[in-house]
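Take a look at the structure set out below.
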Amino acid sequence: MFTIKDILETNQMITQNNLDVRTITMGISLRDCGHPDIKVTAQKVYDKITRKAEKLVQVGEELEMELGVPIINKRISVTPVSMVGESCDSNDYVPLAKALDEAGKAVGVNFIGGFSALVDKGYTKGDRNLICSIPEALAVTDIVCSSVSVGSTKCGINMDAVAEMGRVIKMAAERTADRDAIGCAKLVVFCNAVPDNPFMAGAFHGVTEPETVINVGVSGPGVVKHALEAVRGQDIGAVAETIKKTAFKITRVGQLVAQEAARRLDTQFGIIDLSLAPTPAIGDSVAHILEEIGLESCGCPGTTATLAMLNDAVKKGGLMASSYVGGLSGAFIPVSEDAGMIAAVERGSLTLEKLEAMTCVCSVGLDMIAIPGDVTAETISAIIADEAAIGMINNKTTAVRLIPVPGKTVGEQVEFGGLLGYAPIIAVSKFKADAFIARGGRIPAPVRSLTN
Amino acid sequence: MRIVLTIVGKDKVGIIAKVSNILAEHGVNILNINQNIMEGFFNMVLIADMTGAAVKLQDLKDIFTALGRDIGVEIRVQSEEIFTAMHRI
């Protein structure tokens with residue numbers, strides 16, 4: 001039998017510390033939807049998604065009601081659309097994005113990811129068509145998310161794709177300039193992309209995945225912050241231990257939701273993603289955890305060390321709580337989605353360069369960062385190349401989700417609303433790497449020993 | 001299904017009576033009650049079995065939310081599974 005303390009602790013986590021399950025994401029294979037006529041392909045895509053995910057939202061809401069824990073998002077990830085569209089005669093894949101948008105809205109999910117291409121080593125015809133379609137696709141749809149993988153530890157970095165993605169991000173920003181470049185908030189550039197990530201905007205259903213699958217992303221920065229308030233003044237070992245225990249409890253809830261959702265949807269449970277995902281809500285911030293550990297303001301010296309410890313302790317606690325762990329699994333540091341990160345940028349303690357250093361030790365990369373609208377495509381490409389290099393060398397996933405906001409500059413703000421939050425525009429170096437980006441080609445795959 | 005009912009709020013006469021009456025009316029069997037007063041606040045955890053109950057969980061939740069509003073306490077009704085997952089290995 002439980003003690004009254006156990007039960008009140010769980011309910012305090014939910015009601016006061018923002019414990020929630022961040023997302024139930026259903027992966028759906030669209031490998032059987034290809035057809036020479038893109039209209040037929042789009043119809044097959046729509047039909048399959050609405051059939052397979054018909055009950056996803058209903059089951060999510062049932063579990064939320066029964067367990068009393070909020071399940072914030074119900075989402076869908078699909079096979080990279082570059083592969084689905086590959087056999088179409090058309091070069092324009094926007095109709096496929098529209099089919100995803102309509103299907104996602106029909107079943108009531110928050111986002112649908114997988115308007116994606118994997119070009120670590122080079123392009124197929126479908127990859128080229130997809131990447132060219134991204135700016136328009138993100139402008140004419142509401143809930144479709146797009147991602148492009150430009151490198152990996154095994155393949156090196158495709159610098160032609162890096163150069164192209166700088167231009168695509170600029171085009172996506174211009175195409176949605178009237179909405180503060182919201183298109184870019186739905187577009188991620190990856191190195192070492194994972195096939196089972198439940199989080200947006202980078203979710204897609206990888207080629208090694210089954211027909212359908214349920215992946216769950218947990219959350220709970222507020223719960224960790226609250227637990228750490230009880231060990232103020234104790235040594236860092238006590239901090240790590242407290243984070244581990246808390247991560248264990250949070251993950252157990254995710255595991256329960258994932259198993260039960262998979263059972264009720266008659267599909268397979270894939271993985272739990274052990275991530276601390278912040279929201280703009282007060283008390284739900286990763287930056288505030290780091291400050292609770294002893295930083296004056298996130299981004300100051302000591303930030304990388306505290307973040308490394310936090311990230312590692314979350315994994316150690318979560319691993320025992322779940323039978324299958326995967327996805328991105330690490331603390332997220334999306335600037336616009338974290339009240340503490342936003343405040344740190346406003347105070348001047350958190351810069352783009354420090355964020356880059358932080359991505360060496362945590363998931364997932366330069367995420368939801370608003371930059372001046374006059375930053376060039378080449379400079380964005382160079383930032384992508386730096387971030388991809390960190391991922392490639394360290395054998396980890398890294399990503400870039402930058403928002404060059406047209407007409408805005410440092411000192412101004414951009415508001416995305418909802419979970420995407422708001423962000424102060426952050427300064428970018430004025431020095432150029434245009435000649436490096438203009439070279440193109442591929443960075444060779446790195447050596448895996450002699451790793452200093 | 002076993003449920004956990006938690007009540008937190010300002011103490012007053014008859015909270016347990018009202019709650020247990022509703023459960024009895026709907027055929028929900030009480031297995032365990034744990035109640036105390038912490039810092040002037042009424043805290044109660046009640047575990048009950050819904051096997052054979054004549055009410056759905058969602059409806060029971062609605063009834064208790066309304067009761068909580070009437071008597072000025074917060075009443076939560078949840079499946080026992082979330083507590084088992086979090087506090088038992």
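A note on labels: chains of the structure tokens are A, B, ... as shown, every chain counts residues from 1, and ligands are counted from 1 in their shown order.
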For chain A against chain B, with a cut-off of 7 Å and counting only C-alpha atoms, what is the closest atom pair and its distance in Å to one decimal for every residue that makes the cut, ordered by chain and number, as a tab-separated table?
residue	atom	partner	partner_atom	distance
A:Ile4	CA	B:Val45	CA	6.3
A:Asp6	CA	B:His87	CA	6.8
A:Ile7	CA	B:Phe83	CA	6.6
A:Glu66	CA	B:Ser79	CA	5.4
A:Leu67	CA	B:Gln78	CA	5.0
A:Gly68	CA	B:Gln78	CA	5.5
A:Lys249	CA	B:Met86	CA	4.9
A:Arg252	CA	B:Ala85	CA	5.5
A:Val253	CA	B:Ala85	CA	6.3
A:Leu256	CA	B:Ala85	CA	6.7
Kindly save the residues from that selection, with C-alpha atoms included, as a PDB file, in the first residue's frame.
ATOM      1  CA  ILE A   4       0.030   9.283   2.077  1.00  0.00           C
ATOM      2  CA  ASP A   6       3.929   8.987  -1.843  1.00  0.00           C
ATOM      3  CA  ILE A   7       0.529   9.942  -3.145  1.00  0.00           C
ATOM      4  CA  GLU A  66      -7.603   8.051 -15.788  1.00  0.00           C
ATOM      5  CA  LEU A  67      -4.105   8.820 -14.518  1.00  0.00           C
ATOM      6  CA  GLY A  68      -4.685  12.482 -13.756  1.00  0.00           C
ATOM      7  CA  LYS A 249       9.935   8.736 -11.117  1.00  0.00           C
ATOM      8  CA  ARG A 252       8.066   5.610 -14.851  1.00  0.00           C
ATOM      9  CA  VAL A 253       5.002   7.708 -15.629  1.00  0.00           C
ATOM     10  CA  LEU A 256       3.182   3.538 -18.045  1.00  0.00           C
TER      11      LEU A 256
END
Neighbour list for A:Ser349 as a ChimeraX atom specification, cut-off 9 Å, only C-alpha atoms, skip fewer than 2 positions in-chain:
/A:297-300,343-347,351,354
Could those selected residues go to a file with N, CA and C atoms, as a CSV table (one decimal), in the first residue's frame?
chain,number,residue,atom,x,y,z
A,297,SER,N,23.4,33.2,-13.4
A,297,SER,CA,22.5,33.3,-14.6
A,297,SER,C,23.0,32.4,-15.6
A,298,CYS,N,22.1,31.6,-16.2
A,298,CYS,CA,22.4,30.6,-17.2
A,298,CYS,C,23.3,31.2,-18.3
A,299,GLY,N,24.4,30.5,-18.7
A,299,GLY,CA,25.3,31.0,-19.7
A,299,GLY,C,26.6,31.5,-19.1
A,300,CYS,N,26.6,31.7,-17.8
A,300,CYS,CA,27.9,32.1,-17.1
A,300,CYS,C,28.9,31.0,-17.1
A,343,ALA,N,15.3,34.8,-20.2
A,343,ALA,CA,15.8,35.8,-19.2
A,343,ALA,C,17.3,35.9,-19.3
A,344,ALA,N,18.0,34.8,-19.5
A,344,ALA,CA,19.4,34.8,-19.5
A,344,ALA,C,19.9,35.6,-20.8
A,345,VAL,N,19.2,35.4,-21.9
A,345,VAL,CA,19.6,36.1,-23.1
A,345,VAL,C,19.4,37.6,-22.9
A,346,GLU,N,18.2,38.0,-22.3
A,346,GLU,CA,17.9,39.4,-22.0
A,346,GLU,C,18.9,40.0,-21.0
A,347,ARG,N,19.4,39.2,-20.1
A,347,ARG,CA,20.4,39.8,-19.1
A,347,ARG,C,21.8,39.9,-19.8
A,351,THR,N,24.9,33.7,-24.7
A,351,THR,CA,25.2,34.1,-26.1
A,351,THR,C,25.1,32.9,-27.0
A,354,LYS,N,28.0,30.6,-26.3
A,354,LYS,CA,27.9,29.7,-25.2
A,354,LYS,C,26.9,28.6,-25.4
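In this structure, atom CA of A:Ser275 sits 19.1 Å away from atom CA of A:Thr10.
Distances from A:Pro135, A:Gly206, A:Pro198, A:Pro406 to A:Ala117 were compared using only C-alpha atoms, and the smallest one belongs to A:Gly206.
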Which residues, written as a PyMOL selection string, have at least one atom at most 12 Å from B:Leu23, with only C-alpha atoms counted and residues fewer than 6 positions away on the same chain left out?
chain B and resi 3+5+16-17+29-31+46-50+52-57+59-61+63-64+77
Take the selection from the previous step and output its residues with C-alpha atoms, as a compact mmCIF listing (two decimals), in the first residue's frame.
# COMPACT_ATOMS: atom_id res chain seq x y z
CA ILE B 3 -8.65 4.15 -7.86
CA LEU B 5 -9.04 9.50 -4.31
CA ILE B 16 -15.52 11.65 4.86
CA ALA B 17 -19.25 11.05 5.27
CA ASN B 29 -15.87 -0.49 -2.57
CA ILE B 30 -13.49 1.32 -0.16
CA LEU B 31 -10.31 -0.66 0.55
CA LEU B 46 -8.71 6.75 -0.12
CA ILE B 47 -8.12 3.63 -2.16
CA ALA B 48 -11.17 1.94 -3.65
CA ASP B 49 -12.08 -0.83 -6.04
CA MET B 50 -14.29 0.00 -9.03
CA GLY B 52 -18.67 -3.93 -10.19
CA ALA B 53 -19.19 -0.19 -9.82
CA ALA B 54 -22.27 1.27 -11.46
CA VAL B 55 -20.45 4.37 -12.68
CA LYS B 56 -17.73 5.27 -15.19
CA LEU B 57 -14.48 6.85 -13.98
CA ASP B 59 -18.58 10.46 -14.35
CA LEU B 60 -17.25 9.73 -10.87
CA LYS B 61 -14.56 12.38 -11.38
CA ILE B 63 -19.33 14.12 -9.35
CA PHE B 64 -16.35 14.61 -7.01
CA VAL B 77 -9.64 10.74 -8.63
Run DSSP on the backbone and tell me which residues of stretch 13-53 of chain B come out as strand (DSSP E); list them as a VMD selection string.
chain B and resid 29 to 38 41 to 49
Please save C-alpha atoms of the selected residues as a PDB file, in the first residue's frame.
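out-v4.pdb was written with the following content:
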ATOM      1  CA  ASN B  29     -15.867  -0.489  -2.568  1.00  0.00           C
ATOM      2  CA  ILE B  30     -13.494   1.324  -0.163  1.00  0.00           C
ATOM      3  CA  LEU B  31     -10.314  -0.657   0.549  1.00  0.00           C
ATOM      4  CA  ASN B  32      -8.292   1.763   2.629  1.00  0.00           C
ATOM      5  CA  ILE B  33      -8.605   5.238   4.105  1.00  0.00           C
ATOM      6  CA  ASN B  34      -5.691   7.257   5.375  1.00  0.00           C
ATOM      7  CA  GLN B  35      -6.491  10.675   6.759  1.00  0.00           C
ATOM      8  CA  ASN B  36      -4.786  13.321   8.853  1.00  0.00           C
ATOM      9  CA  ILE B  37      -4.649  17.045   9.502  1.00  0.00           C
ATOM     10  CA  MET B  38      -1.382  18.673   8.411  1.00  0.00           C
ATOM     11  CA  PHE B  41      -5.325  21.232   6.284  1.00  0.00           C
ATOM     12  CA  PHE B  42      -7.371  18.124   5.784  1.00  0.00           C
ATOM     13  CA  ASN B  43      -5.463  15.449   3.827  1.00  0.00           C
ATOM     14  CA  MET B  44      -7.088  12.195   2.870  1.00  0.00           C
ATOM     15  CA  VAL B  45      -6.076   9.351   0.604  1.00  0.00           C
ATOM     16  CA  LEU B  46      -8.707   6.751  -0.116  1.00  0.00           C
ATOM     17  CA  ILE B  47      -8.122   3.627  -2.156  1.00  0.00           C
ATOM     18  CA  ALA B  48     -11.170   1.936  -3.652  1.00  0.00           C
ATOM     19  CA  ASP B  49     -12.085  -0.827  -6.044  1.00  0.00           C
TER      20      ASP B  49
END
